[in-house]
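Some notes on the structure that comes next.
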Amino acid sequence: MSSYAIELLSSAHDRAGFSSGLDSVDRYFRETSRGHLEKGVSITRVLVDADAVPPKPVLGFFTLSGILVEAKPWPGAPKGLPKQAVPAVLLGRLAVATGHQGKGLGSMLVATARQLAQETITRTGGIGLVVDAAHEQAAEFYSQFGFKPVSPGSLRLFLPTKSLEGGPAIPTE
Ligand SMILES: CC(C)(COP(=O)(O)OP(=O)(O)OC[C@H]1O[C@@H](n2cnc3c(N)ncnc32)[C@H](O)[C@@H]1OP(=O)(O)O)[C@@H](O)C(=O)NCCC(=O)NCCS
């Protein structure tokens, strides 16, 4: 059985060779993710085989950043929030390489993102994890982990801090 590692995106990873089949997500990963990490805009982590050597094939990735949200009316948001925007963590993008989909890796990436969001929120505050699903099917994928649309039909989904624990996460450095 292969074992996996989650690593911060770096020049050791084969960005150009990654494809999830969803062009917008793949272009972000290939062309933008590294620059955003270097500038502090967001943090992208990649899933690789634990014994891979550079250029390491990327099996999947996800991107986290901080976000301010006006969440007062959102389902699951804490009661009595202030009217103005409050902090949360954003899971901006997540994808698994085409040859590796359907093997549970996406679920492991979501669990790892939840754990990292919880650790961040414990230190700096935040009402939960927000995800922008790229399409309706992706929203269905996230809904099985408890994420709920912030309003009917919205592709922005939310999981409150009290529900962040759960699922087998992969250790991160
Ligand atoms: C969506 C995606 C991340 C799922 O990753 P994955 O590794 O294939 O998912 P898993 O193997 O962990 O599947 C877990 C469960 O989600 C379901 N699932 C997988 N893809 C799904 C989809 N697109 N829509 C709805 N459910 C989905 C699986 O059937 C499985 O359910 P089960 O446990 O009852 O069998 C992956 O297919 C992908 O990268 N797609 C292209 C990029 C994309 O659409 N990203 C989302 C952007 S927000």
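Order determines the names: the first chain of the structure tokens is A, the second B, and so forth; residues in each chain are numbered 1 upward, and ligands are numbered 1 upward as they are shown.
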Inset, instruction - Tell me which protein, DNA and RNA residues are within 6 Å of Thr63 (chain A), counting only C-alpha atoms, leaving out same-chain ones fewer than 4 positions away, and put them as a PyMOL selection string. - result: chain A and resi 43-44+91-93
Keeping N, CA and C atoms, export the residues of the selection given above as a short mmCIF file (atom, residue, chain, number, x, y, z; two decimals), in the first residue's frame.
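Produced file selection_25.cif, reproduced below:
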data_model
loop_
_atom_site.label_atom_id
_atom_site.label_comp_id
_atom_site.auth_asym_id
_atom_site.auth_seq_id
_atom_site.Cartn_x
_atom_site.Cartn_y
_atom_site.Cartn_z
N ILE A 43 -2.04 29.73 0.56
CA ILE A 43 -1.07 28.64 0.75
C ILE A 43 -1.60 27.40 0.02
N THR A 44 -0.80 26.89 -0.92
CA THR A 44 -1.17 25.65 -1.61
C THR A 44 -0.30 24.50 -1.11
N LEU A 91 -11.27 27.58 1.65
CA LEU A 91 -10.71 26.50 0.84
C LEU A 91 -11.02 26.89 -0.61
N GLY A 92 -10.05 27.57 -1.23
CA GLY A 92 -10.32 28.20 -2.52
C GLY A 92 -10.38 27.19 -3.65
N ARG A 93 -9.47 26.23 -3.62
CA ARG A 93 -9.43 25.23 -4.68
C ARG A 93 -8.95 23.90 -4.13
#
Inset, instruction - DSSP on the backbone, then: every residue of chain A marked strand (DSSP E or B), written as a PyMOL selection string. - result: chain A and resi 4-8+13+43-49+56+60-69+86-96+128-132+148-149+156-160+172
Legend entry - Residues within 12 Å of Tyr28 (chain A), only C-alpha atoms, excluding chain neighbours under 5 positions, as an MDAnalysis selection string: chainID A and resid 15:16 18:20 22:23 33:36 42 44 61:63 92:95
What does the file look like for those residues with N, CA and C atoms, as a short mmCIF file (atom, residue, chain, number, x, y, z; two decimals), in the first residue's frame?
data_model
loop_
_atom_site.label_atom_id
_atom_site.label_comp_id
_atom_site.auth_asym_id
_atom_site.auth_seq_id
_atom_site.Cartn_x
_atom_site.Cartn_y
_atom_site.Cartn_z
N ARG A 15 4.46 20.90 -11.36
CA ARG A 15 3.18 21.62 -11.56
C ARG A 15 2.65 21.43 -12.97
N ALA A 16 3.56 21.50 -13.94
CA ALA A 16 3.15 21.46 -15.36
C ALA A 16 2.47 20.14 -15.71
N PHE A 18 0.44 18.38 -13.91
CA PHE A 18 -0.80 18.09 -13.18
C PHE A 18 -2.03 18.38 -14.04
N SER A 19 -2.98 17.44 -14.02
CA SER A 19 -4.28 17.70 -14.66
C SER A 19 -5.38 16.99 -13.89
N SER A 20 -6.43 17.77 -13.53
CA SER A 20 -7.60 17.19 -12.86
C SER A 20 -8.76 17.06 -13.82
N LEU A 22 -10.29 19.68 -14.95
CA LEU A 22 -11.08 20.93 -14.84
C LEU A 22 -10.12 22.09 -15.13
N ASP A 23 -10.31 22.69 -16.32
CA ASP A 23 -9.31 23.62 -16.85
C ASP A 23 -9.02 24.81 -15.92
N SER A 33 -0.63 29.44 -8.46
CA SER A 33 -0.55 29.00 -7.06
C SER A 33 0.79 29.33 -6.41
N ARG A 34 1.88 29.14 -7.15
CA ARG A 34 3.21 29.33 -6.57
C ARG A 34 3.44 30.82 -6.27
N GLY A 35 3.06 31.68 -7.21
CA GLY A 35 3.20 33.13 -7.01
C GLY A 35 2.38 33.60 -5.82
N HIS A 36 1.16 33.08 -5.69
CA HIS A 36 0.31 33.46 -4.55
C HIS A 36 0.93 33.02 -3.23
N SER A 42 -2.13 33.18 -0.53
CA SER A 42 -2.76 31.92 -0.14
C SER A 42 -1.68 30.86 -0.03
N THR A 44 -0.80 26.89 -0.92
CA THR A 44 -1.17 25.65 -1.61
C THR A 44 -0.30 24.50 -1.11
N PHE A 61 -4.06 18.60 -4.83
CA PHE A 61 -3.65 19.82 -4.12
C PHE A 61 -4.87 20.52 -3.53
N PHE A 62 -4.61 21.40 -2.57
CA PHE A 62 -5.67 22.31 -2.12
C PHE A 62 -5.03 23.63 -1.69
N THR A 63 -5.84 24.68 -1.70
CA THR A 63 -5.37 26.03 -1.43
C THR A 63 -6.22 26.64 -0.31
N GLY A 92 -10.05 27.57 -1.23
CA GLY A 92 -10.32 28.20 -2.52
C GLY A 92 -10.38 27.19 -3.65
N ARG A 93 -9.47 26.23 -3.62
CA ARG A 93 -9.43 25.23 -4.68
C ARG A 93 -8.95 23.90 -4.13
N LEU A 94 -9.43 22.84 -4.76
CA LEU A 94 -9.02 21.47 -4.37
C LEU A 94 -9.22 20.59 -5.59
N ALA A 95 -8.26 19.74 -5.88
CA ALA A 95 -8.42 18.84 -7.03
C ALA A 95 -7.51 17.63 -6.87
#
Around ligand 1, which protein and nucleic acid residues have at least one atom no more than 6 Å from it, if we count only C-alpha atoms and all ligand atoms? List them as a short mmCIF file (atom, residue, chain, number, x, y, z; two decimals) with N, CA and C atoms, in the first residue's frame.
data_model
loop_
_atom_site.label_atom_id
_atom_site.label_comp_id
_atom_site.auth_asym_id
_atom_site.auth_seq_id
_atom_site.Cartn_x
_atom_site.Cartn_y
_atom_site.Cartn_z
N SER A 20 -6.43 17.77 -13.53
CA SER A 20 -7.60 17.19 -12.86
C SER A 20 -8.76 17.06 -13.82
N GLY A 21 -8.58 17.61 -15.04
CA GLY A 21 -9.67 17.61 -16.01
C GLY A 21 -10.54 18.84 -15.94
N LEU A 22 -10.29 19.68 -14.95
CA LEU A 22 -11.08 20.93 -14.84
C LEU A 22 -10.12 22.09 -15.13
N ARG A 93 -9.47 26.23 -3.62
CA ARG A 93 -9.43 25.23 -4.68
C ARG A 93 -8.95 23.90 -4.13
N LEU A 94 -9.43 22.84 -4.76
CA LEU A 94 -9.02 21.47 -4.37
C LEU A 94 -9.22 20.59 -5.59
N ALA A 95 -8.26 19.74 -5.88
CA ALA A 95 -8.42 18.84 -7.03
C ALA A 95 -7.51 17.63 -6.87
N VAL A 96 -7.92 16.56 -7.55
CA VAL A 96 -7.15 15.31 -7.58
C VAL A 96 -6.82 15.02 -9.04
N GLN A 101 -8.41 9.85 -9.30
CA GLN A 101 -9.74 10.19 -8.75
C GLN A 101 -10.50 8.91 -8.40
N GLY A 102 -11.42 9.03 -7.46
CA GLY A 102 -12.27 7.90 -7.09
C GLY A 102 -11.60 6.90 -6.15
N LYS A 103 -10.44 7.30 -5.55
CA LYS A 103 -9.74 6.38 -4.64
C LYS A 103 -9.72 6.90 -3.21
N GLY A 104 -10.52 7.95 -2.95
CA GLY A 104 -10.57 8.48 -1.58
C GLY A 104 -9.60 9.62 -1.32
N LEU A 105 -8.81 10.01 -2.34
CA LEU A 105 -7.80 11.06 -2.09
C LEU A 105 -8.46 12.43 -1.86
N GLY A 106 -9.52 12.72 -2.63
CA GLY A 106 -10.23 13.99 -2.44
C GLY A 106 -10.76 14.11 -1.02
N SER A 107 -11.31 13.02 -0.50
CA SER A 107 -11.82 13.03 0.88
C SER A 107 -10.70 13.28 1.87
N ALA A 133 -17.26 26.03 -4.44
CA ALA A 133 -17.29 24.87 -5.34
C ALA A 133 -17.27 25.37 -6.78
N ALA A 134 -16.49 24.67 -7.62
CA ALA A 134 -16.34 25.11 -9.00
C ALA A 134 -17.58 24.82 -9.83
N GLN A 137 -21.66 19.65 -9.22
CA GLN A 137 -21.20 18.32 -8.77
C GLN A 137 -20.17 18.45 -7.65
N ALA A 138 -19.32 19.47 -7.77
CA ALA A 138 -18.32 19.69 -6.72
C ALA A 138 -19.04 20.07 -5.42
N GLU A 140 -21.91 19.01 -4.52
CA GLU A 140 -22.42 17.72 -3.98
C GLU A 140 -21.30 16.96 -3.27
N PHE A 141 -20.10 16.99 -3.88
CA PHE A 141 -18.95 16.33 -3.25
C PHE A 141 -18.72 16.91 -1.85
#
Can you write out as JSON lines which residues of region 73-150 of chain A fall within 10 Å of region 154-162 of chain A, alongside each residue's closest atom pair and its distance in Å to one decimal, counting only C-alpha atoms and ordering rows by chain and ascending residue number?
{"residue": "A:Trp74", "atom": "CA", "partner": "A:Phe158", "partner_atom": "CA", "distance": 7.9}
{"residue": "A:Pro75", "atom": "CA", "partner": "A:Phe158", "partner_atom": "CA", "distance": 8.0}
{"residue": "A:Gly76", "atom": "CA", "partner": "A:Pro160", "partner_atom": "CA", "distance": 6.0}
{"residue": "A:Ala77", "atom": "CA", "partner": "A:Pro160", "partner_atom": "CA", "distance": 6.2}
{"residue": "A:Pro78", "atom": "CA", "partner": "A:Pro160", "partner_atom": "CA", "distance": 7.8}
{"residue": "A:Ala88", "atom": "CA", "partner": "A:Thr161", "partner_atom": "CA", "distance": 9.0}
{"residue": "A:Val89", "atom": "CA", "partner": "A:Thr161", "partner_atom": "CA", "distance": 9.8}
{"residue": "A:Leu90", "atom": "CA", "partner": "A:Phe158", "partner_atom": "CA", "distance": 9.3}
{"residue": "A:Leu91", "atom": "CA", "partner": "A:Leu157", "partner_atom": "CA", "distance": 9.9}
{"residue": "A:Arg114", "atom": "CA", "partner": "A:Leu159", "partner_atom": "CA", "distance": 9.0}
{"residue": "A:Ala117", "atom": "CA", "partner": "A:Thr161", "partner_atom": "CA", "distance": 8.5}
{"residue": "A:Gln118", "atom": "CA", "partner": "A:Thr161", "partner_atom": "CA", "distance": 6.8}
{"residue": "A:Ile121", "atom": "CA", "partner": "A:Thr161", "partner_atom": "CA", "distance": 7.8}
{"residue": "A:Thr122", "atom": "CA", "partner": "A:Thr161", "partner_atom": "CA", "distance": 9.3}
{"residue": "A:Gly125", "atom": "CA", "partner": "A:Thr161", "partner_atom": "CA", "distance": 9.6}
{"residue": "A:Gly126", "atom": "CA", "partner": "A:Thr161", "partner_atom": "CA", "distance": 7.4}
{"residue": "A:Ile127", "atom": "CA", "partner": "A:Thr161", "partner_atom": "CA", "distance": 5.6}
{"residue": "A:Gly128", "atom": "CA", "partner": "A:Pro160", "partner_atom": "CA", "distance": 4.1}
{"residue": "A:Leu129", "atom": "CA", "partner": "A:Leu159", "partner_atom": "CA", "distance": 5.2}
{"residue": "A:Val130", "atom": "CA", "partner": "A:Phe158", "partner_atom": "CA", "distance": 4.6}
{"residue": "A:Val131", "atom": "CA", "partner": "A:Leu157", "partner_atom": "CA", "distance": 5.2}
{"residue": "A:Asp132", "atom": "CA", "partner": "A:Arg156", "partner_atom": "CA", "distance": 4.5}
{"residue": "A:Ala133", "atom": "CA", "partner": "A:Leu155", "partner_atom": "CA", "distance": 5.2}
{"residue": "A:Ala134", "atom": "CA", "partner": "A:Leu155", "partner_atom": "CA", "distance": 7.3}
{"residue": "A:His135", "atom": "CA", "partner": "A:Leu155", "partner_atom": "CA", "distance": 6.9}
{"residue": "A:Glu136", "atom": "CA", "partner": "A:Leu155", "partner_atom": "CA", "distance": 7.0}
{"residue": "A:Gln137", "atom": "CA", "partner": "A:Leu155", "partner_atom": "CA", "distance": 9.9}
{"residue": "A:Ala138", "atom": "CA", "partner": "A:Leu155", "partner_atom": "CA", "distance": 8.7}
{"residue": "A:Ala139", "atom": "CA", "partner": "A:Leu155", "partner_atom": "CA", "distance": 6.3}
{"residue": "A:Glu140", "atom": "CA", "partner": "A:Leu155", "partner_atom": "CA", "distance": 9.7}
{"residue": "A:Tyr142", "atom": "CA", "partner": "A:Leu157", "partner_atom": "CA", "distance": 8.0}
{"residue": "A:Ser143", "atom": "CA", "partner": "A:Leu157", "partner_atom": "CA", "distance": 8.1}
{"residue": "A:Phe145", "atom": "CA", "partner": "A:Leu159", "partner_atom": "CA", "distance": 8.6}
{"residue": "A:Gly146", "atom": "CA", "partner": "A:Leu159", "partner_atom": "CA", "distance": 6.5}
{"residue": "A:Phe147", "atom": "CA", "partner": "A:Leu159", "partner_atom": "CA", "distance": 4.8}
{"residue": "A:Lys148", "atom": "CA", "partner": "A:Leu157", "partner_atom": "CA", "distance": 5.0}
{"residue": "A:Pro149", "atom": "CA", "partner": "A:Leu157", "partner_atom": "CA", "distance": 4.2}
{"residue": "A:Val150", "atom": "CA", "partner": "A:Leu157", "partner_atom": "CA", "distance": 5.4}
Produce a table with one row for each residue of region 39-155 of chain A that has an atom at most 8 Å from any atom of region 2-8 of chain A, each row naming the nearest atom pair and its distance in Å at one decimal; use only C-alpha atoms; arrange rows by chain and rising residue number; format as a Markdown table.
| residue | atom | partner | partner_atom | distance |
| --- | --- | --- | --- | --- |
| A:Ile43 | CA | A:Leu8 | CA | 7.6 |
| A:Thr44 | CA | A:Leu8 | CA | 6.3 |
| A:Arg45 | CA | A:Leu8 | CA | 4.5 |
| A:Val46 | CA | A:Glu7 | CA | 5.4 |
| A:Leu47 | CA | A:Ile6 | CA | 4.7 |
| A:Val48 | CA | A:Ala5 | CA | 5.4 |
| A:Asp49 | CA | A:Tyr4 | CA | 4.6 |
| A:Ala50 | CA | A:Tyr4 | CA | 4.7 |
Legend entry - DSSP-assigned helix (DSSP H, G or I) among region 4-168 of chain A, expressed as a PyMOL selection string: chain A and resi 23-39+98-100+105-124+136-143+161-163
Inset, instruction - Go through A:Lys83, A:Asp14, A:Val25, A:Arg30 one by one, measure the shortest atom-to-atom distance of each to Pro54 (chain A) using only C-alpha atoms, and give the residue with the smallest value. - result: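 Of all the options, A:Asp14 lies closest to Pro54 (chain A).
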